[in-house]
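Asker: See target_32.cif below, with mmCIF, C-alpha atoms and all ligand atoms.
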```
data_entry
#
loop_
_atom_site.label_atom_id
_atom_site.label_comp_id
_atom_site.auth_asym_id
_atom_site.auth_seq_id
_atom_site.Cartn_x
_atom_site.Cartn_y
_atom_site.Cartn_z
CA MET A 1 23.45 -17.74 -20.50
CA ARG A 2 26.19 -16.12 -22.55
CA LEU A 3 25.11 -13.81 -25.33
CA ARG A 4 27.20 -12.20 -27.97
CA ALA A 5 26.02 -9.85 -30.65
CA HIS A 6 26.57 -11.36 -34.08
CA THR A 7 28.42 -8.84 -36.17
CA ARG A 8 28.85 -9.45 -39.87
CA ARG A 9 31.92 -7.83 -41.35
CA ARG A 10 30.43 -7.16 -44.77
CA GLY A 11 32.98 -5.85 -47.22
CA SER A 12 35.82 -6.57 -44.83
CA PRO A 13 39.07 -7.36 -46.66
CA GLN A 14 39.54 -10.45 -44.49
CA ALA A 15 37.08 -13.21 -45.26
CA PRO A 16 34.61 -13.47 -42.38
CA GLY A 17 35.10 -17.23 -42.12
CA PRO A 18 35.25 -18.89 -38.74
CA GLY A 19 38.26 -17.85 -36.67
CA PRO A 20 39.36 -18.86 -33.19
CA GLN A 21 37.00 -16.26 -31.71
CA THR A 22 33.94 -17.36 -33.70
CA PRO A 23 31.72 -19.48 -31.45
CA VAL A 24 31.31 -23.00 -32.72
CA MET A 25 27.63 -22.83 -31.88
CA GLU A 26 25.44 -19.84 -31.23
CA PHE A 27 21.71 -20.03 -30.60
CA ARG A 28 19.90 -16.72 -30.71
CA GLY A 29 16.30 -17.13 -29.67
CA VAL A 30 16.25 -20.67 -31.04
CA GLY A 31 13.07 -22.62 -30.35
CA LEU A 32 11.16 -25.53 -31.78
CA THR A 33 7.42 -26.13 -31.73
CA TYR A 34 6.14 -29.41 -33.17
CA PRO A 35 3.10 -28.54 -35.28
CA GLY A 36 0.76 -31.14 -33.77
CA PRO A 37 -2.18 -30.94 -33.42
CA PRO A 38 -1.92 -29.86 -30.74
CA PRO A 39 1.32 -27.91 -31.16
CA VAL A 40 4.01 -28.80 -28.61
CA THR A 41 6.77 -26.31 -27.80
CA ALA A 42 9.56 -28.75 -26.97
CA LEU A 43 12.32 -26.13 -26.98
CA ARG A 44 11.46 -22.65 -25.78
CA PRO A 45 13.34 -19.79 -27.46
CA CYS A 46 16.82 -19.79 -25.95
CA ASP A 47 20.28 -18.26 -26.31
CA LEU A 48 23.38 -20.38 -26.01
CA ILE A 49 27.00 -19.95 -27.00
CA VAL A 50 29.52 -22.75 -27.19
CA ARG A 51 33.01 -21.40 -27.75
CA ARG A 52 35.87 -23.16 -29.49
CA GLY A 53 37.54 -25.63 -27.17
CA GLU A 54 34.76 -25.72 -24.56
CA PHE A 55 33.35 -28.89 -23.00
CA VAL A 56 29.65 -28.24 -22.37
CA THR A 57 27.15 -30.71 -20.98
CA VAL A 58 23.37 -30.48 -21.32
CA ILE A 59 21.44 -32.29 -18.63
CA GLY A 60 17.73 -32.94 -18.28
CA PRO A 61 15.28 -35.65 -17.29
CA SER A 62 13.28 -37.70 -19.75
CA GLY A 63 10.79 -35.59 -21.69
CA SER A 64 12.64 -32.34 -20.91
CA GLY A 65 13.56 -31.61 -24.54
CA LYS A 66 17.07 -33.12 -24.80
CA SER A 67 16.40 -34.95 -28.07
CA THR A 68 14.77 -31.87 -29.53
CA PHE A 69 17.83 -29.82 -28.51
CA LEU A 70 20.16 -32.46 -29.99
CA ASN A 71 18.20 -32.58 -33.24
CA VAL A 72 18.37 -28.82 -33.64
CA ALA A 73 22.01 -28.48 -32.51
CA GLY A 74 23.00 -31.38 -34.79
CA LEU A 75 21.10 -29.99 -37.83
CA LEU A 76 18.80 -33.01 -37.91
CA ASP A 77 15.82 -30.66 -37.47
CA ALA A 78 15.40 -27.00 -38.36
CA PRO A 79 14.26 -24.72 -35.52
CA THR A 80 10.90 -23.04 -35.92
CA GLU A 81 12.22 -19.83 -34.31
CA GLY A 82 15.45 -17.89 -34.01
CA SER A 83 18.84 -18.03 -35.67
CA TYR A 84 21.51 -20.66 -35.28
CA LEU A 85 25.09 -19.85 -36.23
CA LEU A 86 27.34 -22.86 -36.66
CA ASP A 87 30.95 -21.78 -37.11
CA GLY A 88 29.50 -18.36 -37.95
CA ILE A 89 27.21 -19.70 -40.69
CA ASP A 90 23.49 -19.03 -40.24
CA VAL A 91 22.00 -22.48 -40.65
CA ALA A 92 18.51 -22.00 -39.20
CA GLY A 93 16.87 -21.64 -42.61
CA ALA A 94 18.92 -24.30 -44.40
CA GLY A 95 16.99 -27.01 -46.23
CA GLU A 96 17.49 -30.71 -45.68
CA ALA A 97 20.25 -31.21 -48.26
CA ALA A 98 22.20 -28.17 -47.07
CA ARG A 99 21.83 -29.30 -43.46
CA ALA A 100 23.18 -32.75 -44.36
CA ALA A 101 26.24 -31.23 -46.04
CA LEU A 102 26.87 -28.84 -43.12
CA ARG A 103 26.46 -31.70 -40.66
CA GLY A 104 29.05 -33.78 -42.49
CA ARG A 105 31.58 -30.97 -42.47
CA HIS A 106 31.07 -29.41 -39.05
CA ILE A 107 29.71 -32.00 -36.63
CA GLY A 108 30.91 -35.38 -35.43
CA PHE A 109 28.15 -37.43 -33.78
CA VAL A 110 28.51 -40.00 -31.03
CA PHE A 111 25.33 -41.86 -30.09
CA GLN A 112 24.37 -44.06 -27.16
CA SER A 113 23.93 -47.11 -29.37
CA PHE A 114 27.09 -46.53 -31.46
CA HIS A 115 25.35 -46.85 -34.89
CA LEU A 116 28.20 -48.79 -36.49
CA MET A 117 27.83 -50.88 -39.63
CA PRO A 118 27.93 -54.41 -38.18
CA HIS A 119 29.55 -56.18 -41.14
CA ARG A 120 32.26 -53.62 -41.77
CA SER A 121 35.58 -53.53 -39.94
CA ALA A 122 36.45 -50.74 -37.53
CA LEU A 123 38.68 -49.29 -40.25
CA GLU A 124 35.89 -49.39 -42.86
CA ASN A 125 33.40 -47.84 -40.44
CA VAL A 126 35.74 -44.91 -39.88
CA THR A 127 36.87 -44.58 -43.51
CA LEU A 128 33.30 -44.51 -44.81
CA ALA A 129 32.57 -41.48 -42.62
CA MET A 130 34.71 -39.29 -44.88
CA VAL A 131 32.04 -38.91 -47.55
CA TYR A 132 32.69 -35.20 -47.94
CA ASN A 133 36.42 -35.65 -48.20
CA ARG A 134 37.83 -35.36 -51.69
CA SER A 135 41.21 -36.85 -50.83
CA GLY A 136 42.27 -40.21 -52.25
CA ARG A 137 41.52 -43.60 -50.82
CA ALA A 138 45.02 -44.10 -49.40
CA ASP A 139 44.82 -40.80 -47.55
CA ARG A 140 41.36 -41.61 -46.16
CA THR A 141 42.57 -45.00 -44.97
CA ALA A 142 45.64 -43.45 -43.33
CA ARG A 143 43.47 -40.90 -41.55
CA ALA A 144 41.02 -43.55 -40.37
CA ARG A 145 43.91 -45.67 -39.09
CA ALA A 146 45.37 -42.66 -37.23
CA ALA A 147 41.96 -41.88 -35.68
CA LEU A 148 41.61 -45.47 -34.46
CA ILE A 149 45.10 -45.40 -33.01
CA ARG A 150 44.24 -42.09 -31.30
CA VAL A 151 41.27 -43.67 -29.48
CA GLY A 152 43.38 -46.64 -28.38
CA LEU A 153 42.21 -49.17 -30.97
CA GLY A 154 45.33 -49.59 -33.08
CA HIS A 155 45.26 -53.32 -32.34
CA ARG A 156 41.56 -53.78 -33.35
CA ILE A 157 41.53 -52.00 -36.71
CA ASP A 158 40.32 -55.02 -38.69
CA ALA A 159 37.75 -56.26 -36.16
CA VAL A 160 34.03 -56.06 -36.96
CA PRO A 161 31.81 -54.44 -34.31
CA THR A 162 30.29 -57.78 -33.24
CA ARG A 163 33.78 -58.84 -32.10
CA LEU A 164 34.31 -55.65 -30.08
CA SER A 165 33.25 -54.78 -26.53
CA GLY A 166 30.81 -51.93 -25.90
CA GLY A 167 33.64 -49.62 -24.90
CA GLU A 168 35.61 -50.53 -28.03
CA ARG A 169 32.54 -49.93 -30.21
CA GLN A 170 32.09 -46.50 -28.71
CA ARG A 171 35.77 -45.77 -29.36
CA VAL A 172 35.25 -46.71 -33.02
CA ALA A 173 32.26 -44.35 -33.08
CA ILE A 174 34.41 -41.59 -31.55
CA ALA A 175 37.15 -42.21 -34.13
CA ARG A 176 34.51 -42.04 -36.87
CA ALA A 177 33.21 -38.76 -35.42
CA LEU A 178 36.70 -37.26 -35.28
CA VAL A 179 38.10 -38.34 -38.61
CA ALA A 180 36.43 -35.63 -40.70
CA ARG A 181 37.94 -33.03 -38.30
CA PRO A 182 34.63 -31.54 -37.17
CA SER A 183 34.34 -28.30 -35.22
CA LEU A 184 31.99 -29.92 -32.73
CA LEU A 185 31.85 -33.37 -31.19
CA LEU A 186 28.16 -33.83 -30.35
CA CYS A 187 27.54 -36.78 -28.02
CA ASP A 188 24.10 -38.12 -27.10
CA GLU A 189 24.27 -40.22 -23.90
CA PRO A 190 27.67 -41.53 -25.00
CA THR A 191 28.00 -43.81 -21.97
CA GLY A 192 24.34 -44.86 -21.72
CA ASN A 193 25.02 -48.44 -22.89
CA LEU A 194 28.26 -48.96 -20.97
CA ASP A 195 29.11 -50.33 -17.53
CA THR A 196 30.53 -47.88 -15.02
CA ALA A 197 34.23 -48.66 -15.53
CA THR A 198 33.93 -48.57 -19.34
CA ALA A 199 31.88 -45.38 -19.14
CA GLU A 200 34.66 -43.78 -17.09
CA SER A 201 37.27 -44.70 -19.69
CA VAL A 202 35.14 -43.27 -22.54
CA LEU A 203 34.61 -40.07 -20.54
CA ALA A 204 38.36 -39.92 -19.89
CA LEU A 205 38.88 -40.11 -23.67
CA LEU A 206 36.44 -37.21 -24.18
CA ASP A 207 38.34 -35.26 -21.50
CA GLU A 208 41.61 -35.91 -23.35
CA LEU A 209 40.14 -34.80 -26.67
CA HIS A 210 38.87 -31.66 -24.99
CA ALA A 211 42.33 -31.05 -23.48
CA GLU A 212 43.71 -31.28 -27.04
CA GLY A 213 41.35 -28.50 -28.13
CA MET A 214 38.23 -30.30 -29.36
CA THR A 215 34.88 -28.63 -28.68
CA VAL A 216 32.67 -31.19 -26.96
CA LEU A 217 28.93 -31.07 -26.26
CA VAL A 218 27.46 -33.98 -24.31
CA ILE A 219 23.74 -34.48 -23.77
CA THR A 220 22.84 -36.68 -20.81
CA HIS A 221 20.38 -37.40 -18.03
CA ASP A 222 23.24 -38.50 -15.73
CA PRO A 223 24.70 -35.92 -13.30
CA ALA A 224 28.00 -37.88 -13.09
CA VAL A 225 28.42 -37.54 -16.86
CA ALA A 226 27.33 -33.89 -16.81
CA ALA A 227 30.03 -33.18 -14.19
CA HIS A 228 32.69 -33.71 -16.89
CA GLY A 229 31.70 -30.44 -18.55
CA GLU A 230 33.39 -27.14 -17.84
CA ARG A 231 29.89 -25.76 -18.11
CA THR A 232 26.55 -27.44 -17.67
CA VAL A 233 23.30 -26.26 -19.18
CA ALA A 234 20.13 -27.73 -17.69
CA ILE A 235 17.01 -28.31 -19.73
CA ARG A 236 13.65 -28.73 -18.09
CA ASP A 237 10.23 -28.46 -19.73
CA GLY A 238 11.97 -27.17 -22.85
CA VAL A 239 13.70 -24.32 -21.01
CA LEU A 240 17.52 -24.10 -21.15
CA ALA A 241 19.30 -22.57 -18.16
CA GLU A 242 23.01 -22.27 -17.46
CA GLN A 243 24.08 -24.04 -14.25
CA PRO A 244 26.84 -22.70 -12.01
CA GLY A 245 30.10 -24.08 -13.44
CA ARG A 246 32.54 -26.35 -11.66
CA ARG A 247 34.71 -23.38 -10.73
CA ALA A 248 31.69 -21.48 -9.42
CA ARG A 249 30.56 -24.53 -7.43
CA ARG A 250 34.04 -24.87 -5.89
CA ALA A 251 34.01 -21.19 -4.92
CA LEU A 252 30.57 -21.58 -3.33
CA SER A 253 31.65 -24.63 -1.32
CA ARG A 254 34.81 -22.76 -0.16
CA GLU A 255 32.51 -20.05 1.15
CA GLY A 256 30.49 -22.70 2.97
CA VAL A 257 27.45 -22.24 0.75
CA ALA A 258 25.59 -25.52 0.31
CA GLU A 259 25.06 -26.56 -3.32
P1 LIG A 301 13.80 -35.91 -24.07
O1 LIG A 301 14.76 -36.25 -25.16
O2 LIG A 301 14.41 -35.07 -22.99
O3 LIG A 301 13.15 -37.14 -23.50
P2 LIG A 301 12.12 -34.80 -26.19
O4 LIG A 301 12.90 -33.72 -26.85
O5 LIG A 301 12.03 -36.12 -26.87
O6 LIG A 301 12.63 -34.99 -24.67
O7 LIG A 301 10.61 -34.31 -25.96
C1 LIG A 301 10.29 -33.04 -25.39
C2 LIG A 301 8.78 -32.86 -25.47
O8 LIG A 301 8.38 -32.77 -26.83
C3 LIG A 301 8.00 -34.00 -24.85
O9 LIG A 301 6.87 -33.46 -24.22
C4 LIG A 301 7.60 -34.82 -26.05
O10 LIG A 301 6.41 -35.53 -25.80
C5 LIG A 301 7.41 -33.78 -27.13
N1 LIG A 301 7.72 -34.27 -28.48
C6 LIG A 301 8.86 -34.87 -28.89
N2 LIG A 301 8.80 -35.16 -30.21
C7 LIG A 301 7.57 -34.75 -30.65
C8 LIG A 301 6.91 -34.76 -31.93
N3 LIG A 301 7.49 -35.24 -33.02
N4 LIG A 301 5.66 -34.23 -31.97
C9 LIG A 301 5.07 -33.71 -30.89
N5 LIG A 301 5.65 -33.68 -29.66
C10 LIG A 301 6.88 -34.17 -29.54
#
```
Would you write out, as structure tokens, the structure that this file holds?
Answerer:
Amino acid sequence: MRLRAHTRRRGSPQAPGPGPQTPVMEFRGVGLTYPGPPPVTALRPCDLIVRRGEFVTVIGPSGSGKSTFLNVAGLLDAPTEGSYLLDGIDVAGAGEAARAALRGRHIGFVFQSFHLMPHRSALENVTLAMVYNRSGRADRTARARAALIRVGLGHRIDAVPTRLSGGERQRVAIARALVARPSLLLCDEPTGNLDTATAESVLALLDELHAEGMTVLVITHDPAVAAHGERTVAIRDGVLAEQPGRRARRALSREGVAE
């Protein structure tokens, strides 16, 4: 697990806002215990750093704590322990309204079941995601259109989700996640509802976005999906543990060490 001391530059002439070196996500002793009764510690206190431009996967079986991790990482739940720095902002103690605002600005979500508005076109689904954007309607529409073109859906902009395939729906969801220019693309089983070929094409899109500099965090139970990460973090019984990375695995296999 990578740890970095959090240093505040109080009084520094440069504003201590997030820079290229500021981790997108930093957990320091973050844990969550559901109060019960009986209390359940679903996420044991853990440290985790996700740096700008990384592609990290979190893998674990059912009941391991993946949803709890997602809810904390995505500011849907507040941790009961530790500090969480998102783009350098300590968000662990933020109330519900503050978490919602931070979520809208910093995180783009992609869910297994797409969560699109069924009676709105692809363009409307993406445009409506820019709730925190103060720019005019024409600008929002142009950005939504560009995001849909980026994910390969320039020809389906006016289609409603019921007229789109699963892969196309997930591309709309990815465009919606990207359009507010988040720091982190947080994906929960993004290929869980897709056939193998479509899943591959959605993962290839995530790989491309990562290659363009996006920070991607994918939560999955599927080792094939987890293999797309530069780094994989395993979660089991609420305990997070860094797995040897792809490069480390290659080095081990070159040395003839079985994985
Ligand atoms: P996963 O997403 O990997 O299936 P979860 O994060 O949903 O795992 O659950 C981790 C553990 O926390 C499980 O033992 C689960 O029963 C428990 N848990 C989840 N949500 C709650 C809750 N609201 N109250 C109490 N226990 C919970």
Asker: Just want the residues within 9 Å of ligand LIG 301 (chain A), written as a PyMOL selection string, counting all atoms listed in the file.
Answerer: chain A and resi 33-43+59-71+220-221+235-238
Asker: Based on the selection just made, write C-alpha atoms of those residues as a PDB file, in the coordinates of the input.
Answerer:
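Here's the written file part.pdb:
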```pdb
ATOM      1  CA  THR A  33       7.420 -26.130 -31.730  1.00  0.00           C
ATOM      2  CA  TYR A  34       6.140 -29.410 -33.170  1.00  0.00           C
ATOM      3  CA  PRO A  35       3.100 -28.540 -35.280  1.00  0.00           C
ATOM      4  CA  GLY A  36       0.760 -31.140 -33.770  1.00  0.00           C
ATOM      5  CA  PRO A  37      -2.180 -30.940 -33.420  1.00  0.00           C
ATOM      6  CA  PRO A  38      -1.920 -29.860 -30.740  1.00  0.00           C
ATOM      7  CA  PRO A  39       1.320 -27.910 -31.160  1.00  0.00           C
ATOM      8  CA  VAL A  40       4.010 -28.800 -28.610  1.00  0.00           C
ATOM      9  CA  THR A  41       6.770 -26.310 -27.800  1.00  0.00           C
ATOM     10  CA  ALA A  42       9.560 -28.750 -26.970  1.00  0.00           C
ATOM     11  CA  LEU A  43      12.320 -26.130 -26.980  1.00  0.00           C
ATOM     12  CA  ILE A  59      21.440 -32.290 -18.630  1.00  0.00           C
ATOM     13  CA  GLY A  60      17.730 -32.940 -18.280  1.00  0.00           C
ATOM     14  CA  PRO A  61      15.280 -35.650 -17.290  1.00  0.00           C
ATOM     15  CA  SER A  62      13.280 -37.700 -19.750  1.00  0.00           C
ATOM     16  CA  GLY A  63      10.790 -35.590 -21.690  1.00  0.00           C
ATOM     17  CA  SER A  64      12.640 -32.340 -20.910  1.00  0.00           C
ATOM     18  CA  GLY A  65      13.560 -31.610 -24.540  1.00  0.00           C
ATOM     19  CA  LYS A  66      17.070 -33.120 -24.800  1.00  0.00           C
ATOM     20  CA  SER A  67      16.400 -34.950 -28.070  1.00  0.00           C
ATOM     21  CA  THR A  68      14.770 -31.870 -29.530  1.00  0.00           C
ATOM     22  CA  PHE A  69      17.830 -29.820 -28.510  1.00  0.00           C
ATOM     23  CA  LEU A  70      20.160 -32.460 -29.990  1.00  0.00           C
ATOM     24  CA  ASN A  71      18.200 -32.580 -33.240  1.00  0.00           C
ATOM     25  CA  THR A 220      22.840 -36.680 -20.810  1.00  0.00           C
ATOM     26  CA  HIS A 221      20.380 -37.400 -18.030  1.00  0.00           C
ATOM     27  CA  ILE A 235      17.010 -28.310 -19.730  1.00  0.00           C
ATOM     28  CA  ARG A 236      13.650 -28.730 -18.090  1.00  0.00           C
ATOM     29  CA  ASP A 237      10.230 -28.460 -19.730  1.00  0.00           C
ATOM     30  CA  GLY A 238      11.970 -27.170 -22.850  1.00  0.00           C
TER      31      GLY A 238
END
```
Asker: With all atoms listed in the file as the counted atoms, please give the residues lying no more than 10 Å from A:Gly74, apart from itself and same-chain residues fewer than 4 positions off, as a ChimeraX atom specification.
Answerer: /A:68-70,78,86,99-100,102-103,106-109,184-187
Asker: With all atoms listed in the file as the basis for distance, which of A:Arg163, A:Arg169, A:Arg134, A:Arg143 is at the shortest distance from A:Leu194?
Answerer: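 Counting all atoms listed in the file, the residue closest to A:Leu194 is A:Arg169.
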Asker: A:Ala199: which residues within 9 Å, counting only C-alpha atoms, same-chain residues fewer than 5 positions away excluded, as a PDB file with C-alpha atoms, in the coordinates of the input?
Answerer:
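The resulting result_3.pdb:
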```pdb
ATOM      1  CA  GLY A 167      33.640 -49.620 -24.900  1.00  0.00           C
ATOM      2  CA  PRO A 190      27.670 -41.530 -25.000  1.00  0.00           C
ATOM      3  CA  THR A 191      28.000 -43.810 -21.970  1.00  0.00           C
ATOM      4  CA  GLY A 192      24.340 -44.860 -21.720  1.00  0.00           C
ATOM      5  CA  ASN A 193      25.020 -48.440 -22.890  1.00  0.00           C
ATOM      6  CA  LEU A 194      28.260 -48.960 -20.970  1.00  0.00           C
ATOM      7  CA  ALA A 204      38.360 -39.920 -19.890  1.00  0.00           C
ATOM      8  CA  VAL A 225      28.420 -37.540 -16.860  1.00  0.00           C
TER       9      VAL A 225
END
```
Asker: Name the residues in contact with stretch 154-159 of chain A at a cut-off of 6 Å, using all atoms listed in the file, excluding same-chain residues fewer than 3 positions from it; report them as a PDB file with C-alpha atoms, keeping the file's coordinate frame.
Answerer:
```
ATOM      1  CA  SER A 121      35.580 -53.530 -39.940  1.00  0.00           C
ATOM      2  CA  ALA A 122      36.450 -50.740 -37.530  1.00  0.00           C
ATOM      3  CA  LEU A 123      38.680 -49.290 -40.250  1.00  0.00           C
ATOM      4  CA  LEU A 148      41.610 -45.470 -34.460  1.00  0.00           C
ATOM      5  CA  ILE A 149      45.100 -45.400 -33.010  1.00  0.00           C
TER       6      ILE A 149
END
```
Asker: Can you pull out the residues contacting A:Leu178? Cut-off 12 Å, using only C-alpha atoms, and skip same-chain residues under 2 positions away; I want them as number ranges by chain.
Answerer: A: 104-110, 126-127, 129-130, 143-151, 171-176, 180-187, 206, 209-210, 214-216
Asker: Got time to write the residues from that selection, C-alpha atoms, as a short mmCIF file (atom, residue, chain, number, x, y, z; two decimals), keeping the file's coordinate frame?
Answerer:
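Written file, result_30.cif:
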```cif
data_model
loop_
_atom_site.label_atom_id
_atom_site.label_comp_id
_atom_site.auth_asym_id
_atom_site.auth_seq_id
_atom_site.Cartn_x
_atom_site.Cartn_y
_atom_site.Cartn_z
CA GLY A 104 29.05 -33.78 -42.49
CA ARG A 105 31.58 -30.97 -42.47
CA HIS A 106 31.07 -29.41 -39.05
CA ILE A 107 29.71 -32.00 -36.63
CA GLY A 108 30.91 -35.38 -35.43
CA PHE A 109 28.15 -37.43 -33.78
CA VAL A 110 28.51 -40.00 -31.03
CA VAL A 126 35.74 -44.91 -39.88
CA THR A 127 36.87 -44.58 -43.51
CA ALA A 129 32.57 -41.48 -42.62
CA MET A 130 34.71 -39.29 -44.88
CA ARG A 143 43.47 -40.90 -41.55
CA ALA A 144 41.02 -43.55 -40.37
CA ARG A 145 43.91 -45.67 -39.09
CA ALA A 146 45.37 -42.66 -37.23
CA ALA A 147 41.96 -41.88 -35.68
CA LEU A 148 41.61 -45.47 -34.46
CA ILE A 149 45.10 -45.40 -33.01
CA ARG A 150 44.24 -42.09 -31.30
CA VAL A 151 41.27 -43.67 -29.48
CA ARG A 171 35.77 -45.77 -29.36
CA VAL A 172 35.25 -46.71 -33.02
CA ALA A 173 32.26 -44.35 -33.08
CA ILE A 174 34.41 -41.59 -31.55
CA ALA A 175 37.15 -42.21 -34.13
CA ARG A 176 34.51 -42.04 -36.87
CA ALA A 180 36.43 -35.63 -40.70
CA ARG A 181 37.94 -33.03 -38.30
CA PRO A 182 34.63 -31.54 -37.17
CA SER A 183 34.34 -28.30 -35.22
CA LEU A 184 31.99 -29.92 -32.73
CA LEU A 185 31.85 -33.37 -31.19
CA LEU A 186 28.16 -33.83 -30.35
CA CYS A 187 27.54 -36.78 -28.02
CA LEU A 206 36.44 -37.21 -24.18
CA LEU A 209 40.14 -34.80 -26.67
CA HIS A 210 38.87 -31.66 -24.99
CA MET A 214 38.23 -30.30 -29.36
CA THR A 215 34.88 -28.63 -28.68
CA VAL A 216 32.67 -31.19 -26.96
#
```
